[in-house]
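S.K.: Sharing a structure with you now.
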Amino acid sequence: MTDLRNDQNRGDVGGCSPMLEARQLGVLAGTHRILQDVDLTVQSGEVFGLIGPSGAGKSTLLRCLNRLTDLDRGLRVEGDVYFHDRSIYGREVDVDALRVKIGMLFQQPVVFPVSILKNVLFGMRHVSKLSRKDWPGEAEKALREATLWDEVKDRLKAPALNLSVGQQQRLCLARTLAVDPEVILMDEPTSALDPKSTQSIEDLIIELKKTRTIILVTHHLDQARRICDRVAFVSASTDGPGRIACSGQVDTVMGRTDLPELRDFIQTRSDLADVCCED
Ligand SMILES: Nc1ncnc2c1ncn2[C@@H]1O[C@H](COP(=O)(O)OP(=O)(O)OP(=O)(O)O)[C@@H](O)[C@H]1O
Ligand SMILES: [Mg+2]
């Protein structure tokens with residue numbers, strides 16, 4: 001495939017050429033339009049947040065960025081996405097290799113019913129050019145990067161499903177990191193976690209941005225404030241397609257009181273936060 005990697009760009013925060021760019025992106029499910037006219041640029045080394053009401057199209061947008069939408073034959077993608085200035089929708093693109101460079105972490109941890117070690121090695125075994133004898137060292141590196149090593153180093157052959165949900169999510173992150181992605185797409189990665197595990201993942205994201213670029217869907221405005229460099233607000237009017245209503249620095253976007261849909265969203269999230277704090 002075309003080499004989608006460009007090491008010179010790595011860590012070049014604020015450089016002229018975006019690492020990832022969506023241009024006039026749209027998604028249709030049959031005749032129903034889910035997303036329309038999405039323009040988005042993400043710089044290397046950023047944590048870029050996607051916020052917005054339920055059903056606005058945040059997950060769908062995220063899935064377009066590494067072509068996970070290909071797996072759903074009912075969806076049609078329009079426009080384009082550029083990774084290091086090359087279209088990811090070009091015919092010549094090796095989609096498996098693309099998903100190595102642009103990995104994904106889901107809302108619920110996706111853990112296979114095998115050992116912790118086999119879970120970490122899962123992707124690496126398929127894509128790595130390393131010899132077999134190097135795998136354990138690489139697995140350790142990934143588990144350390146995901147801050148899970150100390151908790152599992154003495155039970156690497158134990159079933160991964162015995163881990164707590166928070167540990168499982170870090171295991172999934174280790175599996176993603178093991179293939180050395182440049183970008184990690186995270187779809188509400190802490191929504192199934194307790195506050196302590198949420199804190200671990202947030203700390204990890206802040207650490208990871210030294211070497212990776214992260215695009216994070218979150219419903220938590222406080223989380224966006226804590227860890228995102230910039231955010232885009234995805235909004236959809238009733239039955240209309242999702243669009244990016246505004247984007248920029250978190251405080252600037254949150255301050256757009258001229259946008260009624262953003263005002264409503266912030267109000268709803270504040271009401272929810274109040275309800276959650278009541279007990
Ligand atoms: N494969 C599909 N076929 C048909 N409609 C779909 C498909 N995938 C998503 N949709 C629709 O697209 C819209 C956006 O869905 P999406 O999951 O992207 O929203 P979201 O912003 O991530 O919502 P939430 O915050 O609840 O996760 C929804 O109306 C959903 O029903
Ligand atoms: Mg979603």
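By order of appearance in the structure tokens: chains A, B, ..., then residues from 1 within every chain, and ligands from 1 in the order shown.
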What are the closest atom pairs, with distances in Å to one decimal, for all residues of chain A lying within 8 Å of ligand 2? Consider only C-alpha atoms and all ligand atoms, order rows by chain and residue number, and present the result as a Markdown table.
M.R.:
| residue | atom | partner | partner_atom_place_in_ligand_line | distance |
| --- | --- | --- | --- | --- |
| A:Ser54 | CA | ligand 2 | 1 (Mg) | 6.8 |
| A:Gly55 | CA | ligand 2 | 1 (Mg) | 7.0 |
| A:Gly57 | CA | ligand 2 | 1 (Mg) | 6.9 |
| A:Lys58 | CA | ligand 2 | 1 (Mg) | 5.5 |
| A:Ser59 | CA | ligand 2 | 1 (Mg) | 4.1 |
| A:Thr60 | CA | ligand 2 | 1 (Mg) | 7.2 |
| A:Asp187 | CA | ligand 2 | 1 (Mg) | 6.7 |
| A:Glu188 | CA | ligand 2 | 1 (Mg) | 7.4 |
| A:Val217 | CA | ligand 2 | 1 (Mg) | 7.5 |
S.K.: Which protein, DNA or RNA residues have an atom within 10 Å of ligand 1, counting only C-alpha atoms and all ligand atoms, as a ChimeraX atom specification?
M.R.: /A:27-35,50-63,69,71-76,107,187-188,217-219,234-236,238-242
S.K.: Export N, CA and C atoms of the chosen residues as a CSV table (one decimal), in the first residue's frame?
M.R.:
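See part-v5.csv below for the written result:
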chain,number,residue,atom,x,y,z
A,27,VAL,N,-22.2,10.9,5.5
A,27,VAL,CA,-22.5,9.4,5.6
A,27,VAL,C,-24.0,9.3,5.4
A,28,LEU,N,-24.4,8.3,4.6
A,28,LEU,CA,-25.8,8.0,4.4
A,28,LEU,C,-26.0,6.5,4.8
A,29,ALA,N,-27.2,6.3,5.4
A,29,ALA,CA,-27.7,4.9,5.6
A,29,ALA,C,-28.9,4.8,4.7
A,30,GLY,N,-28.8,4.2,3.5
A,30,GLY,CA,-29.8,4.2,2.5
A,30,GLY,C,-30.1,5.6,2.1
A,31,THR,N,-31.3,6.1,2.3
A,31,THR,CA,-31.6,7.5,2.0
A,31,THR,C,-31.5,8.4,3.2
A,32,HIS,N,-31.3,7.8,4.3
A,32,HIS,CA,-31.2,8.6,5.6
A,32,HIS,C,-29.8,9.2,5.7
A,33,ARG,N,-29.7,10.5,5.8
A,33,ARG,CA,-28.4,11.1,5.9
A,33,ARG,C,-28.0,11.2,7.4
A,34,ILE,N,-26.9,10.6,7.8
A,34,ILE,CA,-26.4,10.7,9.2
A,34,ILE,C,-25.5,11.8,9.4
A,35,LEU,N,-24.6,12.1,8.5
A,35,LEU,CA,-23.6,13.2,8.6
A,35,LEU,C,-23.6,14.0,7.3
A,50,LEU,N,-14.7,15.1,20.5
A,50,LEU,CA,-15.9,15.3,19.7
A,50,LEU,C,-17.0,15.2,20.8
A,51,ILE,N,-17.8,16.3,20.9
A,51,ILE,CA,-18.9,16.4,21.9
A,51,ILE,C,-20.2,16.6,21.1
A,52,GLY,N,-21.3,16.3,21.8
A,52,GLY,CA,-22.6,16.6,21.1
A,52,GLY,C,-23.6,15.6,21.7
A,53,PRO,N,-24.9,15.9,21.4
A,53,PRO,CA,-26.0,15.1,21.9
A,53,PRO,C,-26.0,13.7,21.3
A,54,SER,N,-26.7,12.8,22.0
A,54,SER,CA,-26.8,11.4,21.6
A,54,SER,C,-27.5,11.4,20.2
A,55,GLY,N,-27.0,10.6,19.3
A,55,GLY,CA,-27.6,10.4,18.0
A,55,GLY,C,-27.1,11.4,17.0
A,56,ALA,N,-26.2,12.4,17.4
A,56,ALA,CA,-25.8,13.4,16.5
A,56,ALA,C,-24.8,12.9,15.4
A,57,GLY,N,-24.2,11.7,15.7
A,57,GLY,CA,-23.3,11.1,14.7
A,57,GLY,C,-21.8,11.1,15.1
A,58,LYS,N,-21.5,11.3,16.3
A,58,LYS,CA,-20.1,11.3,16.8
A,58,LYS,C,-19.4,10.0,16.5
A,59,SER,N,-20.1,8.8,16.9
A,59,SER,CA,-19.4,7.5,16.7
A,59,SER,C,-19.3,7.2,15.2
A,60,THR,N,-20.3,7.6,14.4
A,60,THR,CA,-20.2,7.4,13.0
A,60,THR,C,-19.0,8.2,12.4
A,61,LEU,N,-18.9,9.4,12.8
A,61,LEU,CA,-17.8,10.2,12.3
A,61,LEU,C,-16.4,9.6,12.7
A,62,LEU,N,-16.3,9.1,14.0
A,62,LEU,CA,-15.1,8.5,14.4
A,62,LEU,C,-14.8,7.3,13.5
A,63,ARG,N,-15.8,6.5,13.2
A,63,ARG,CA,-15.6,5.2,12.5
A,63,ARG,C,-15.2,5.5,11.0
A,69,THR,N,-16.4,2.1,9.0
A,69,THR,CA,-17.7,2.2,8.4
A,69,THR,C,-17.8,1.2,7.2
A,71,LEU,N,-17.3,-1.8,7.3
A,71,LEU,CA,-17.8,-3.1,7.8
A,71,LEU,C,-19.3,-3.1,7.8
A,72,ASP,N,-19.9,-1.9,7.6
A,72,ASP,CA,-21.4,-1.8,7.6
A,72,ASP,C,-21.8,-1.5,6.1
A,73,ARG,N,-22.2,-2.6,5.4
A,73,ARG,CA,-22.5,-2.4,4.0
A,73,ARG,C,-23.7,-1.4,3.8
A,74,GLY,N,-24.5,-1.2,4.8
A,74,GLY,CA,-25.6,-0.3,4.7
A,74,GLY,C,-25.2,1.2,4.7
A,75,LEU,N,-23.9,1.5,5.0
A,75,LEU,CA,-23.5,2.9,5.0
A,75,LEU,C,-22.7,3.3,3.8
A,76,ARG,N,-23.0,4.5,3.4
A,76,ARG,CA,-22.2,5.1,2.2
A,76,ARG,C,-21.5,6.3,2.7
A,107,GLN,N,-16.2,1.9,23.6
A,107,GLN,CA,-16.9,2.3,24.9
A,107,GLN,C,-16.8,1.1,25.9
A,187,ASP,N,-13.9,6.0,21.6
A,187,ASP,CA,-15.3,6.3,21.6
A,187,ASP,C,-15.8,6.1,23.1
A,188,GLU,N,-15.9,7.2,23.8
A,188,GLU,CA,-16.4,7.2,25.2
A,188,GLU,C,-15.7,6.1,26.0
A,217,VAL,N,-14.3,10.8,21.7
A,217,VAL,CA,-15.7,11.1,21.8
A,217,VAL,C,-16.0,11.1,23.3
A,218,THR,N,-16.5,12.2,23.8
A,218,THR,CA,-16.9,12.2,25.3
A,218,THR,C,-18.2,12.9,25.5
A,219,HIS,N,-19.0,12.4,26.5
A,219,HIS,CA,-20.2,13.1,26.9
A,219,HIS,C,-19.9,14.0,28.0
A,234,VAL,N,-20.7,18.4,17.6
A,234,VAL,CA,-21.5,17.8,16.5
A,234,VAL,C,-22.9,17.9,16.9
A,235,SER,N,-23.7,18.5,16.0
A,235,SER,CA,-25.1,18.7,16.4
A,235,SER,C,-26.0,18.3,15.2
A,236,ALA,N,-27.2,17.9,15.6
A,236,ALA,CA,-28.2,17.5,14.5
A,236,ALA,C,-29.5,18.0,14.9
A,238,THR,N,-33.7,18.0,14.5
A,238,THR,CA,-34.6,16.8,14.5
A,238,THR,C,-34.6,16.2,13.1
A,239,ASP,N,-34.3,14.9,13.0
A,239,ASP,CA,-34.3,14.2,11.8
A,239,ASP,C,-33.3,14.7,10.7
A,240,GLY,N,-32.5,15.7,11.1
A,240,GLY,CA,-31.5,16.2,10.1
A,240,GLY,C,-30.2,15.5,10.3
A,241,PRO,N,-29.3,15.7,9.4
A,241,PRO,CA,-27.9,15.1,9.5
A,241,PRO,C,-27.1,15.8,10.6
A,242,GLY,N,-26.1,15.1,11.1
A,242,GLY,CA,-25.2,15.7,12.0
A,242,GLY,C,-24.2,16.5,11.3
S.K.: Among segment 151-266 of chain A, which ones does DSSP assign to strand (DSSP E or B) (computed from the backbone)? Answer as a list in words.
M.R.: Pro159, Val183, Ile184, Leu185, Met186, Asp187, Thr213, Ile214, Ile215, Leu216, Val217, Arg230, Val231, Ala232, Phe233, Val234, Ser235, Gly242, Arg243, Ile244, Ala245, Cys246, Ser247, Gly248 and Gln249 of chain A
S.K.: Hey, can you spit out that residue selection with C-alpha atoms as a compact mmCIF listing (two decimals), in the first residue's frame?
M.R.:
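Writing the result to result-v9.txt gives the following:
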# COMPACT_ATOMS: atom_id res chain seq x y z
CA PRO A 159 -7.88 -15.45 31.41
CA VAL A 183 -3.63 7.96 16.06
CA ILE A 184 -6.01 6.38 18.56
CA LEU A 185 -9.75 6.90 18.13
CA MET A 186 -11.53 6.60 21.47
CA ASP A 187 -15.31 6.32 21.63
CA THR A 213 -2.63 11.77 18.46
CA ILE A 214 -5.98 11.08 20.09
CA ILE A 215 -9.52 11.74 18.92
CA LEU A 216 -11.90 11.29 21.81
CA VAL A 217 -15.69 11.15 21.84
CA ARG A 230 -9.59 21.36 20.99
CA VAL A 231 -13.12 20.07 20.54
CA ALA A 232 -15.77 20.02 17.83
CA PHE A 233 -19.44 20.20 18.70
CA VAL A 234 -21.45 17.78 16.53
CA SER A 235 -25.11 18.66 16.40
CA GLY A 242 -25.18 15.69 12.05
CA ARG A 243 -22.85 18.57 11.29
CA ILE A 244 -20.01 20.27 13.06
CA ALA A 245 -21.62 23.39 14.48
CA CYS A 246 -18.38 24.82 15.85
CA SER A 247 -14.88 23.80 16.82
CA GLY A 248 -11.87 25.27 18.56
CA GLN A 249 -10.34 25.57 22.03
S.K.: In Å to one decimal, how far is atom CA of His126 of chain A from atom CA of Leu161 of chain A?
M.R.: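 Separating atom CA of Leu161 of chain A from atom CA of His126 of chain A is a distance of 22.0 Å.
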S.K.: Identify which of the residues A:Ser200, A:Ser237, A:Gln108, A:Ser17 lies closest to Arg86 of chain A, counting only C-alpha atoms when measuring atom-to-atom distances.
M.R.: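 Selected residue with least distance to Arg86 of chain A: A:Ser17.
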S.K.: Please provide the set of residues having any atom within 9 Å of Ile227 of chain A, restricted to only C-alpha atoms, with same-chain residues fewer than 6 positions apart removed, written as a VMD selection string.
M.R.: chain A and resid 47 to 49 202 to 203 205 to 206
S.K.: Could you give me, as a ChimeraX atom specification, the residues within 7 Å of Ala174 of chain A, counting only C-alpha atoms and dropping anything in the same chain fewer than 6 positions from it?
M.R.: /A:120,142-143,146
